[in-house]
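upload36.json follows; it contains JSON, C-alpha atoms.
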```json
[["chain", "number", "residue", "atom", "x", "y", "z"],
["U", 232, "GLN", "CA", 66.26, 83.07, 158.48],
["U", 233, "ARG", "CA", 68.64, 85.10, 156.34],
["U", 234, "GLN", "CA", 70.32, 88.32, 157.43],
["U", 235, "MET", "CA", 71.17, 91.23, 155.13],
["U", 236, "CYS", "CA", 74.28, 90.58, 153.07],
["U", 237, "ILE", "CA", 76.92, 93.29, 152.82],
["U", 238, "ARG", "CA", 78.89, 94.61, 149.89],
["U", 239, "ASP", "CA", 81.95, 96.49, 151.05],
["U", 240, "ARG", "CA", 82.49, 99.94, 149.53],
["U", 241, "VAL", "CA", 86.24, 99.36, 149.66],
["U", 242, "ARG", "CA", 87.16, 96.02, 148.22],
["U", 243, "PRO", "CA", 89.25, 94.03, 150.71],
["U", 244, "ASP", "CA", 92.16, 91.86, 149.75],
["U", 245, "PRO", "CA", 90.87, 88.23, 149.56],
["U", 246, "ASP", "CA", 94.08, 87.05, 151.21],
["U", 247, "ALA", "CA", 93.42, 89.37, 154.16],
["U", 248, "LEU", "CA", 90.02, 87.87, 155.03],
["U", 249, "ASN", "CA", 89.83, 86.20, 158.43],
["U", 250, "LEU", "CA", 88.40, 82.89, 157.19],
["U", 251, "SER", "CA", 87.88, 79.82, 159.35],
["U", 252, "THR", "CA", 88.07, 77.64, 156.22],
["U", 253, "ARG", "CA", 89.60, 78.72, 152.94],
["U", 254, "LEU", "CA", 87.93, 77.17, 149.87],
["U", 255, "ASP", "CA", 88.66, 79.20, 146.68],
["U", 256, "GLN", "CA", 86.09, 77.22, 144.69],
["U", 257, "ASP", "CA", 84.96, 78.56, 141.31],
["U", 258, "LEU", "CA", 81.23, 78.10, 140.73],
["U", 259, "ALA", "CA", 78.52, 79.03, 138.21],
["U", 260, "ASP", "CA", 80.79, 78.47, 135.23],
["U", 261, "GLY", "CA", 83.55, 80.52, 136.85],
["U", 262, "ALA", "CA", 81.39, 83.61, 137.41],
["U", 263, "ILE", "CA", 81.57, 83.34, 141.21],
["U", 264, "THR", "CA", 84.26, 82.14, 143.61],
["U", 265, "LEU", "CA", 83.44, 80.86, 147.08],
["U", 266, "LEU", "CA", 86.46, 82.23, 148.93],
["U", 267, "GLY", "CA", 85.64, 80.50, 152.20],
["U", 268, "ILE", "CA", 83.55, 80.58, 155.37],
["U", 269, "GLU", "CA", 83.85, 82.10, 158.81],
["U", 270, "TYR", "CA", 82.30, 80.57, 161.94],
["U", 271, "ASP", "CA", 82.83, 80.25, 165.67],
["U", 272, "GLU", "CA", 83.64, 77.18, 167.80],
["U", 273, "GLN", "CA", 79.95, 76.41, 168.32],
["U", 274, "MET", "CA", 79.91, 74.79, 164.87],
["U", 275, "PHE", "CA", 82.05, 71.94, 166.23],
["U", 276, "ALA", "CA", 79.66, 71.09, 169.08],
["U", 277, "PRO", "CA", 76.93, 68.47, 168.50],
["U", 278, "TRP", "CA", 73.97, 70.13, 166.79],
["U", 279, "SER", "CA", 70.53, 69.55, 168.33],
["U", 280, "PRO", "CA", 67.29, 69.68, 166.29],
["U", 281, "GLY", "CA", 65.75, 73.15, 166.47],
["U", 282, "GLU", "CA", 69.08, 74.76, 167.36],
["U", 283, "THR", "CA", 70.45, 77.66, 165.29],
["U", 284, "ARG", "CA", 74.02, 77.84, 163.99],
["U", 285, "SER", "CA", 75.62, 80.86, 162.30],
["U", 286, "LEU", "CA", 78.25, 81.14, 159.60],
["U", 287, "ARG", "CA", 79.41, 83.71, 157.07],
["U", 288, "ALA", "CA", 80.21, 82.85, 153.47],
["U", 289, "TYR", "CA", 82.47, 85.06, 151.39],
["U", 290, "TRP", "CA", 81.88, 85.25, 147.65],
["U", 291, "GLN", "CA", 83.84, 87.04, 144.95],
["U", 292, "ALA", "CA", 82.40, 88.00, 141.58],
["U", 293, "GLN", "CA", 84.72, 87.16, 138.71],
["U", 294, "ARG", "CA", 82.50, 88.75, 136.06],
["U", 295, "PRO", "CA", 79.03, 90.35, 135.93],
["U", 296, "ASN", "CA", 76.00, 88.02, 135.97],
["U", 297, "ALA", "CA", 73.01, 88.81, 133.81],
["U", 298, "SER", "CA", 70.57, 86.85, 135.97],
["U", 299, "GLU", "CA", 70.02, 85.79, 139.57],
["U", 300, "VAL", "CA", 72.05, 82.76, 140.71],
["U", 301, "PRO", "CA", 70.33, 80.49, 143.30],
["U", 302, "VAL", "CA", 72.30, 79.43, 146.38],
["U", 303, "ALA", "CA", 71.54, 76.65, 148.86],
["U", 304, "LEU", "CA", 73.27, 75.13, 151.87],
["U", 305, "GLN", "CA", 72.56, 71.43, 152.36],
["U", 306, "LEU", "CA", 73.16, 68.82, 155.03],
["U", 307, "LEU", "CA", 74.20, 65.52, 153.44],
["U", 308, "GLU", "CA", 74.58, 62.19, 155.15],
["U", 309, "LYS", "CA", 78.28, 61.42, 155.43],
["U", 310, "GLY", "CA", 79.40, 59.29, 152.52],
["U", 311, "SER", "CA", 76.17, 59.64, 150.52],
["U", 312, "ASP", "CA", 74.14, 62.13, 148.52],
["U", 313, "ALA", "CA", 71.06, 61.91, 150.78],
["U", 314, "VAL", "CA", 69.94, 65.44, 151.66],
["U", 315, "ARG", "CA", 68.58, 65.60, 155.23],
["U", 316, "ALA", "CA", 68.16, 69.39, 155.40],
["U", 317, "GLU", "CA", 68.34, 72.29, 152.99],
["U", 318, "TRP", "CA", 68.41, 76.07, 153.37],
["U", 319, "PRO", "CA", 67.71, 77.58, 149.93],
["U", 320, "ALA", "CA", 67.93, 81.29, 149.16],
["U", 321, "ARG", "CA", 68.62, 83.68, 146.37],
["U", 322, "SER", "CA", 72.20, 84.85, 146.34],
["U", 323, "ALA", "CA", 72.91, 87.46, 149.01],
["U", 324, "GLY", "CA", 69.51, 86.75, 150.52],
["U", 325, "GLY", "CA", 67.80, 88.52, 147.63],
["U", 326, "ARG", "CA", 69.00, 91.91, 148.87],
["U", 327, "PHE", "CA", 71.96, 92.23, 146.55],
["U", 328, "ALA", "CA", 71.22, 90.31, 143.34],
["U", 329, "THR", "CA", 74.12, 88.82, 141.44],
["U", 330, "GLY", "CA", 73.18, 90.96, 138.45],
["U", 331, "ARG", "CA", 74.47, 93.95, 140.44],
["U", 332, "TRP", "CA", 77.79, 92.35, 141.27],
["U", 333, "GLN", "CA", 80.83, 93.82, 139.59],
["U", 334, "ALA", "CA", 84.00, 91.90, 138.79],
["U", 335, "GLY", "CA", 86.18, 91.84, 141.88],
["U", 336, "ASP", "CA", 83.36, 92.49, 144.38],
["U", 337, "ILE", "CA", 83.62, 90.53, 147.63],
["U", 338, "ILE", "CA", 80.31, 89.84, 149.37],
["U", 339, "ARG", "CA", 80.02, 88.87, 153.04],
["U", 340, "ASP", "CA", 76.95, 86.64, 153.32],
["U", 341, "PRO", "CA", 75.66, 85.72, 156.83],
["U", 342, "TRP", "CA", 73.49, 82.61, 157.25],
["U", 343, "GLU", "CA", 71.35, 81.55, 160.23],
["U", 344, "LEU", "CA", 70.77, 77.79, 160.00],
["U", 345, "VAL", "CA", 68.00, 76.24, 162.10],
["U", 346, "LEU", "CA", 68.34, 72.45, 162.18],
["U", 347, "PRO", "CA", 64.97, 70.86, 161.28],
["U", 348, "PRO", "CA", 63.52, 68.61, 164.01],
["U", 349, "HIS", "CA", 63.35, 65.52, 161.77],
["U", 350, "VAL", "CA", 67.11, 65.20, 161.10],
["U", 351, "PRO", "CA", 68.40, 61.93, 162.65],
["U", 352, "PRO", "CA", 71.56, 61.96, 164.77],
["U", 353, "GLY", "CA", 74.79, 61.16, 162.98],
["U", 354, "GLU", "CA", 77.70, 62.56, 161.01],
["U", 355, "TYR", "CA", 76.97, 64.96, 158.15],
["U", 356, "GLN", "CA", 78.59, 67.15, 155.51],
["U", 357, "LEU", "CA", 77.47, 70.78, 155.39],
["U", 358, "THR", "CA", 77.68, 71.75, 151.72],
["U", 359, "ALA", "CA", 77.04, 74.76, 149.49],
["U", 360, "ARG", "CA", 75.46, 74.52, 146.04],
["U", 361, "VAL", "CA", 75.38, 77.41, 143.57],
["U", 362, "ASP", "CA", 73.08, 77.07, 140.56],
["U", 363, "GLU", "CA", 73.89, 73.76, 138.82],
["U", 364, "SER", "CA", 77.47, 73.53, 140.06],
["U", 365, "PRO", "CA", 78.48, 70.45, 142.11],
["U", 366, "ALA", "CA", 78.06, 70.79, 145.87],
["U", 367, "ILE", "CA", 81.08, 72.06, 147.80],
["U", 368, "GLU", "CA", 81.77, 70.63, 151.25],
["U", 369, "LEU", "CA", 82.07, 73.40, 153.81],
["U", 370, "MET", "CA", 82.69, 71.32, 156.93],
["U", 371, "ARG", "CA", 81.72, 68.16, 158.84],
["U", 372, "VAL", "CA", 79.10, 68.45, 161.57],
["U", 373, "THR", "CA", 77.60, 66.09, 164.15],
["U", 374, "VAL", "CA", 73.85, 66.01, 164.82],
["U", 375, "SER", "CA", 72.76, 64.83, 168.26],
["U", 376, "GLY", "CA", 69.35, 63.63, 169.37],
["U", 377, "ARG", "CA", 67.40, 60.56, 170.34],
["U", 378, "PRO", "CA", 68.37, 57.22, 168.79],
["U", 379, "ARG", "CA", 66.55, 56.46, 165.53],
["U", 380, "GLN", "CA", 65.40, 53.16, 164.08],
["U", 381, "PHE", "CA", 64.86, 52.32, 160.40],
["U", 382, "SER", "CA", 64.38, 48.53, 160.53],
["U", 383, "ILE", "CA", 61.05, 46.84, 161.26],
["U", 384, "PRO", "CA", 61.03, 44.85, 164.52],
["U", 385, "ASN", "CA", 59.19, 41.58, 165.04],
["U", 386, "LEU", "CA", 55.45, 42.19, 165.19],
["U", 387, "ALA", "CA", 52.87, 40.09, 167.04],
["U", 388, "TRP", "CA", 50.15, 41.65, 164.85],
["U", 389, "ALA", "CA", 51.26, 42.90, 161.45],
["U", 390, "ASN", "CA", 48.63, 44.85, 159.54],
["U", 391, "LYS", "CA", 49.70, 48.06, 157.81],
["U", 392, "VAL", "CA", 47.18, 50.85, 158.34],
["U", 393, "GLN", "CA", 47.81, 54.35, 157.01],
["U", 394, "PHE", "CA", 46.82, 57.38, 159.09],
["U", 395, "GLY", "CA", 46.56, 60.51, 156.96],
["U", 396, "GLN", "CA", 49.20, 61.03, 154.29],
["U", 397, "ASP", "CA", 52.44, 60.51, 156.21],
["U", 398, "ILE", "CA", 52.02, 57.96, 159.02],
["U", 399, "THR", "CA", 51.58, 54.19, 158.87],
["U", 400, "LEU", "CA", 50.85, 51.84, 161.74],
["U", 401, "LEU", "CA", 52.93, 48.79, 160.83],
["U", 402, "GLY", "CA", 51.41, 46.67, 163.59],
["U", 403, "LEU", "CA", 51.64, 45.86, 167.28],
["U", 404, "GLN", "CA", 54.25, 44.20, 169.45],
["U", 405, "GLY", "CA", 53.62, 42.41, 172.74],
["U", 406, "ASP", "CA", 52.63, 39.09, 174.29],
["U", 407, "GLN", "CA", 48.99, 40.05, 174.93],
["U", 408, "ILE", "CA", 48.04, 39.52, 171.28],
["U", 409, "SER", "CA", 46.54, 36.26, 170.10],
["U", 410, "ASP", "CA", 44.45, 35.42, 167.03],
["U", 411, "GLY", "CA", 44.11, 39.06, 166.06],
["U", 412, "SER", "CA", 42.81, 40.26, 169.43],
["U", 413, "LEU", "CA", 44.25, 41.72, 172.61],
["U", 414, "ASN", "CA", 43.92, 39.54, 175.72],
["U", 415, "VAL", "CA", 44.02, 40.79, 179.30],
["U", 416, "THR", "CA", 42.67, 39.99, 182.75],
["U", 417, "ALA", "CA", 40.30, 42.36, 184.57],
["U", 418, "GLY", "CA", 42.12, 44.53, 187.11],
["U", 419, "GLU", "CA", 45.46, 44.25, 185.27],
["U", 420, "SER", "CA", 47.24, 46.42, 182.72],
["U", 421, "LEU", "CA", 46.77, 46.26, 178.97],
["U", 422, "VAL", "CA", 50.08, 47.19, 177.35],
["U", 423, "ILE", "CA", 49.71, 48.45, 173.77],
["U", 424, "ARG", "CA", 52.90, 48.63, 171.71],
["U", 425, "PRO", "CA", 52.15, 50.24, 168.34],
["U", 426, "VAL", "CA", 54.95, 50.46, 165.77],
["U", 427, "TRP", "CA", 54.68, 53.55, 163.58],
["U", 428, "GLN", "CA", 56.51, 54.58, 160.41],
["U", 429, "ALA", "CA", 56.85, 58.06, 158.91],
["U", 430, "LEU", "CA", 56.26, 58.06, 155.16],
["U", 431, "GLY", "CA", 57.69, 61.57, 154.84],
["U", 432, "PRO", "CA", 58.31, 64.75, 156.86],
["U", 433, "ILE", "CA", 55.39, 65.60, 159.16],
["U", 434, "ASP", "CA", 54.53, 69.25, 159.85],
["U", 435, "THR", "CA", 52.02, 68.68, 162.70],
["U", 436, "ASP", "CA", 52.53, 67.28, 166.20],
["U", 437, "TYR", "CA", 49.88, 64.60, 166.62],
["U", 438, "THR", "CA", 48.68, 63.04, 169.87],
["U", 439, "ILE", "CA", 47.91, 59.33, 170.14],
["U", 440, "THR", "CA", 44.74, 58.26, 171.88],
["U", 441, "ALA", "CA", 44.19, 54.66, 173.04],
["U", 442, "GLN", "CA", 40.68, 53.96, 174.33],
["U", 443, "LEU", "CA", 39.26, 50.76, 175.74],
["U", 444, "LEU", "CA", 35.54, 50.48, 175.00],
["U", 445, "SER", "CA", 32.78, 48.42, 176.56],
["U", 446, "GLY", "CA", 30.26, 48.64, 173.78],
["U", 447, "GLN", "CA", 30.31, 52.39, 173.04],
["U", 448, "GLN", "CA", 31.42, 53.42, 176.56],
["U", 449, "VAL", "CA", 35.06, 54.38, 177.22],
["U", 450, "ILE", "CA", 36.28, 52.53, 180.34],
["U", 451, "ALA", "CA", 40.03, 53.29, 180.09],
["U", 452, "GLN", "CA", 42.01, 55.81, 178.08],
["U", 453, "GLN", "CA", 45.50, 57.25, 177.60],
["U", 454, "ASP", "CA", 46.37, 60.26, 175.40],
["U", 455, "ARG", "CA", 49.92, 61.46, 174.80],
["U", 456, "MET", "CA", 52.53, 62.25, 172.19],
["U", 457, "PRO", "CA", 54.80, 59.39, 171.05],
["U", 458, "LEU", "CA", 57.39, 58.03, 173.49],
["U", 459, "ASN", "CA", 55.95, 60.03, 176.40],
["U", 460, "GLY", "CA", 56.40, 63.26, 174.47],
["U", 461, "THR", "CA", 60.07, 62.74, 173.64],
["U", 462, "ALA", "CA", 59.41, 61.99, 169.96],
["U", 463, "PRO", "CA", 56.82, 64.45, 168.58],
["U", 464, "THR", "CA", 55.71, 63.48, 165.08],
["U", 465, "THR", "CA", 57.32, 66.63, 163.63],
["U", 466, "THR", "CA", 60.70, 65.17, 164.64],
["U", 467, "TRP", "CA", 60.19, 61.90, 162.73],
["U", 468, "ALA", "CA", 62.48, 61.43, 159.74],
["U", 469, "ALA", "CA", 61.18, 60.02, 156.46],
["U", 470, "GLY", "CA", 61.25, 56.24, 156.74],
["U", 471, "GLU", "CA", 61.85, 56.27, 160.49],
["U", 472, "ILE", "CA", 60.21, 53.52, 162.55],
["U", 473, "VAL", "CA", 58.95, 54.50, 166.00],
["U", 474, "PRO", "CA", 58.02, 51.68, 168.44],
["U", 475, "ASP", "CA", 55.80, 53.17, 171.14],
["U", 476, "GLU", "CA", 54.02, 51.99, 174.28],
["U", 477, "LEU", "CA", 50.76, 52.96, 175.95],
["U", 478, "VAL", "CA", 49.27, 51.39, 179.08],
["U", 479, "LEU", "CA", 45.58, 51.10, 179.99],
["U", 480, "GLU", "CA", 44.51, 50.04, 183.48],
["U", 481, "ILE", "CA", 41.64, 47.58, 183.16],
["U", 482, "PRO", "CA", 38.84, 48.06, 185.72],
["U", 483, "ASP", "CA", 37.95, 45.16, 188.00],
["U", 484, "GLU", "CA", 34.45, 45.44, 186.56],
["U", 485, "PRO", "CA", 35.06, 46.13, 182.86],
["U", 486, "GLY", "CA", 31.40, 46.21, 181.85],
["U", 487, "PRO", "CA", 29.56, 44.13, 179.29],
["U", 488, "THR", "CA", 31.05, 42.75, 176.07],
["U", 489, "PRO", "CA", 32.03, 43.37, 173.37],
["U", 490, "HIS", "CA", 35.27, 45.10, 174.34],
["U", 491, "SER", "CA", 37.48, 46.81, 171.79],
["U", 492, "LEU", "CA", 40.54, 49.01, 171.53],
["U", 493, "LEU", "CA", 40.35, 52.29, 169.60],
["U", 494, "LEU", "CA", 43.58, 53.85, 168.28],
["U", 495, "ALA", "CA", 43.65, 57.30, 166.70],
["U", 496, "LEU", "CA", 45.96, 60.24, 166.02],
["U", 497, "TYR", "CA", 44.67, 63.78, 166.42],
["U", 498, "GLU", "CA", 45.79, 67.42, 166.45],
["U", 499, "VAL", "CA", 45.29, 68.84, 169.94],
["U", 500, "THR", "CA", 44.08, 72.35, 169.09],
["U", 501, "SER", "CA", 41.37, 71.35, 166.64],
["U", 502, "GLY", "CA", 40.73, 67.80, 167.84],
["U", 503, "GLN", "CA", 40.84, 66.73, 164.18],
["U", 504, "ARG", "CA", 41.78, 63.09, 163.73],
["U", 505, "LEU", "CA", 43.79, 61.66, 160.85],
["U", 506, "LEU", "CA", 41.64, 59.59, 158.51],
["U", 507, "LEU", "CA", 42.25, 56.02, 157.43],
["U", 508, "PRO", "CA", 41.92, 54.95, 153.77],
["U", 509, "ASP", "CA", 38.37, 53.68, 154.44],
["U", 510, "GLY", "CA", 37.31, 57.11, 155.73],
["U", 511, "GLU", "CA", 37.24, 56.11, 159.41],
["U", 512, "ASP", "CA", 39.08, 58.30, 161.92],
["U", 513, "HIS", "CA", 40.32, 55.43, 164.11],
["U", 514, "LEU", "CA", 41.48, 51.82, 164.09],
["U", 515, "SER", "CA", 39.44, 49.31, 166.10],
["U", 516, "MET", "CA", 40.73, 45.99, 167.43],
["U", 517, "PRO", "CA", 38.87, 43.39, 169.55],
["U", 518, "VAL", "CA", 39.85, 42.94, 173.20],
["U", 519, "VAL", "CA", 39.15, 39.83, 175.27],
["U", 520, "ILE", "CA", 38.96, 40.53, 179.04],
["U", 521, "LYS", "CA", 39.09, 37.55, 181.37],
["U", 522, "ASN", "CA", 37.73, 37.72, 184.89]]
```
So, in terms of structure tokens, how does the structure I just supplied come out?
Amino acid sequence: QRQMCIRDRVRPDPDALNLSTRLDQDLADGAITLLGIEYDEQMFAPWSPGETRSLRAYWQAQRPNASEVPVALQLLEKGSDAVRAEWPARSAGGRFATGRWQAGDIIRDPWELVLPPHVPPGEYQLTARVDESPAIELMRVTVSGRPRQFSIPNLAWANKVQFGQDITLLGLQGDQISDGSLNVTAGESLVIRPVWQALGPIDTDYTITAQLLSGQQVIAQQDRMPLNGTAPTTTWAAGEIVPDELVLEIPDEPGPTPHSLLLALYEVTSGQRLLLPDGEDHLSMPVVIKN
């Protein structure tokens, strides 16, 4: 969210501005100078996904601009050019176009930055980019959150299956898998450890359902968001790997064979499931139940 930007009727002295960080960076072929930024101590605290931070940028026009100049703040991984978050906007939030700026004008430009839920924890550079000019580092920030994983663990059953456009089931972990089937004893627990990967940012929170079937009858079921609700799919970063665990209690009398496990992802409000490449809305895997 952008707030209204302010052009002072009386031009202040740039040296008199109460800036937290002085930058004096010429941008847009020297048409605009980023004098610096102003912020409070909250910017130094670890930043949690979904949390809002505020800062004020101060620009000075060096000469009139004939056209609008785009502005964006970006969050870059420390030591790389990988952009993990971006807040684009027209200059001055579109309320005071650069074509109206006069040489010498100083513009106070407030920004409200909401950290997207998919940004992994770590150290980042908060940067400003104006038009095609190189990005300018504003400050270093720390993002907090749950630990993230980007390497594939050992899988007892490896068989990539894509759910929808942005989620892949890489396979299953666990010692109850043998010869492509799940094996369990009646009256005990079947532990299902799916390993998911996000192919890109996900804009919907999906629920996982694991159902144990005797023929077409459901005899055990668990539905929940990933990692007991602590890792909603909207918080997954592109490329992130999410090992999960679901537990089904097997009845003492599990009913007639065949038994199978059904895995699916669905949106709670509509009940709509993500489709697999073959058009099915679930993955099925055989289960062997011993008495």
**OP:** Kindly indicate which residue among U:Ser285, U:Gln396, U:Thr416, U:Thr488 lies nearest to Leu346 (chain U), using all atoms listed in the file for the distances.
**Re:**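 Smallest separation from Leu346 (chain U) among the options: U:Ser285.
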Original post:
At what distance in Å, to one decimal, does CA of His513 (chain U) lie from CA of Ile450 (chain U)?
Top reply: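 Spanning CA of Ile450 (chain U) to CA of His513 (chain U) is a straight-line distance of 17.0 Å.
When all atoms listed in the file are used to compute distances to Pro347 (chain U), the closest of the residues U:Met456, U:Leu306, U:Ile408, U:Leu421 turns out to be U:Leu306.
Distances from U:Thr466, U:Gln393, U:Asn522, U:Gln453 to Val415 (chain U) were compared using all atoms listed in the file, and the smallest one belongs to U:Asn522.
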**OP:** Find the spatial neighbours of Ile367 (chain U), counting all atoms listed in the file, within a cut-off of 12 Å - ignore same-chain residues fewer than 6 positions away - and output them as a list in words.
**Re:**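 Final neighbour list, sorted by chain and number: Arg253, Leu254, Asp255, Gln256, Asp257, Leu258, Thr264, Leu265, Leu266, Gly267, Ile268, Val302, Ala303, Leu304, Gln305, Leu306, Leu307, Gln356, Leu357, Thr358, Ala359, Arg360 and Val361 of chain U.
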Using the selection just defined, write its residues with C-alpha atoms as a PDB file, in the frame of the given file.
```pdb
ATOM      1  CA  ARG U 253      89.600  78.720 152.940  1.00  0.00           C
ATOM      2  CA  LEU U 254      87.930  77.170 149.870  1.00  0.00           C
ATOM      3  CA  ASP U 255      88.660  79.200 146.680  1.00  0.00           C
ATOM      4  CA  GLN U 256      86.090  77.220 144.690  1.00  0.00           C
ATOM      5  CA  ASP U 257      84.960  78.560 141.310  1.00  0.00           C
ATOM      6  CA  LEU U 258      81.230  78.100 140.730  1.00  0.00           C
ATOM      7  CA  THR U 264      84.260  82.140 143.610  1.00  0.00           C
ATOM      8  CA  LEU U 265      83.440  80.860 147.080  1.00  0.00           C
ATOM      9  CA  LEU U 266      86.460  82.230 148.930  1.00  0.00           C
ATOM     10  CA  GLY U 267      85.640  80.500 152.200  1.00  0.00           C
ATOM     11  CA  ILE U 268      83.550  80.580 155.370  1.00  0.00           C
ATOM     12  CA  VAL U 302      72.300  79.430 146.380  1.00  0.00           C
ATOM     13  CA  ALA U 303      71.540  76.650 148.860  1.00  0.00           C
ATOM     14  CA  LEU U 304      73.270  75.130 151.870  1.00  0.00           C
ATOM     15  CA  GLN U 305      72.560  71.430 152.360  1.00  0.00           C
ATOM     16  CA  LEU U 306      73.160  68.820 155.030  1.00  0.00           C
ATOM     17  CA  LEU U 307      74.200  65.520 153.440  1.00  0.00           C
ATOM     18  CA  GLN U 356      78.590  67.150 155.510  1.00  0.00           C
ATOM     19  CA  LEU U 357      77.470  70.780 155.390  1.00  0.00           C
ATOM     20  CA  THR U 358      77.680  71.750 151.720  1.00  0.00           C
ATOM     21  CA  ALA U 359      77.040  74.760 149.490  1.00  0.00           C
ATOM     22  CA  ARG U 360      75.460  74.520 146.040  1.00  0.00           C
ATOM     23  CA  VAL U 361      75.380  77.410 143.570  1.00  0.00           C
TER      24      VAL U 361
END
```
**OP:** Fewer than 3 positions away in the same chain doesn't count, so skip those; otherwise give me all residues within 10 Å of Val478 (chain U), counting all atoms listed in the file, as a list in words.
**Re:** Ser420, Leu421, Val422, Ile423, Arg424, Ala441, Ala451, Gln452, Gln453 and Ile481 of chain U
Original post:
Could you name the residues that touch Ile263 (chain U) at 8 Å or less, counting all atoms listed in the file, but leaving out those on the same chain fewer than 5 positions away, as a list in words?
Top reply: Asp257, Leu258, Trp290, Gln291, Ala292, Gln293 and Arg294 of chain U
Original post:
Which polymer residues, protein or nucleic acid, are no farther than 10 Å from (63.6, 79.3, 158.7), counting all atoms listed in the file, as number ranges by chain?
Top reply: U: 232-233, 283, 318-319, 343-347
**OP:** Please identify all polymer residues within 6 Å of Tyr355 (chain U), counting all atoms listed in the file, omitting same-chain residues fewer than 5 positions from it, and present them as an MDAnalysis selection string.
**Re:** chainID U and resid 307:309 371:372
**OP:** Counting all atoms listed in the file, figure out which residue out of U:Ser515, U:Ser491, U:Asn459, U:Asn390 gets nearest to Leu477 (chain U).
**Re:**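 Residue with the minimum atom-to-atom distance to Leu477 (chain U): U:Asn459.
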Subject >> Coordinates-based distance that separates CA of Arg315 (chain U) from CA of Ser382 (chain U) (Å, one decimal) >> reply: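 That distance, rounded to one decimal, is 18.4 Å.
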Original post:
What separation in Å, quoted to one decimal, exists between CA of Ser412 (chain U) and CA of Val518 (chain U)?
Top reply: 5.5 Å
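Near Gly411 (chain U), within 8 Å and counting only C-alpha atoms, sit Trp388, Ile408, Ser409, Leu413, Met516 and Pro517 of chain U, not including residues fewer than 2 positions from it in the same chain.
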Residue subset to file, keeping C-alpha atoms, as a tab-separated table (two decimals), in the frame of the given file:
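What landed in again-v1.tsv:
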```tsv
chain	number	residue	atom	x	y	z
U	388	TRP	CA	50.15	41.65	164.85
U	408	ILE	CA	48.04	39.52	171.28
U	409	SER	CA	46.54	36.26	170.10
U	413	LEU	CA	44.25	41.72	172.61
U	516	MET	CA	40.73	45.99	167.43
U	517	PRO	CA	38.87	43.39	169.55
```
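Among U:Ser375, U:Asp260, U:Glu484, U:Trp332, the residue with the shortest atom-to-atom distance to Glu419 (chain U), counting only C-alpha atoms, is U:Glu484.
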Show me the residues close to (50.4, 46.3, 165.3) - anything with an atom within 6 Å, counting all atoms listed in the file - and format the list as a PDB file with C-alpha atoms, keeping the file's coordinate frame.
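New file out-v6.pdb:
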```pdb
ATOM      1  CA  TRP U 388      50.150  41.650 164.850  1.00  0.00           C
ATOM      2  CA  ALA U 389      51.260  42.900 161.450  1.00  0.00           C
ATOM      3  CA  LEU U 401      52.930  48.790 160.830  1.00  0.00           C
ATOM      4  CA  GLY U 402      51.410  46.670 163.590  1.00  0.00           C
ATOM      5  CA  LEU U 403      51.640  45.860 167.280  1.00  0.00           C
ATOM      6  CA  PRO U 425      52.150  50.240 168.340  1.00  0.00           C
TER       7      PRO U 425
END
```
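Between Ser501 (chain U) and the residues U:Lys391, U:Asp436, U:Trp342, U:Gly460, the shortest atom-to-atom distance, using only C-alpha atoms, involves U:Asp436.
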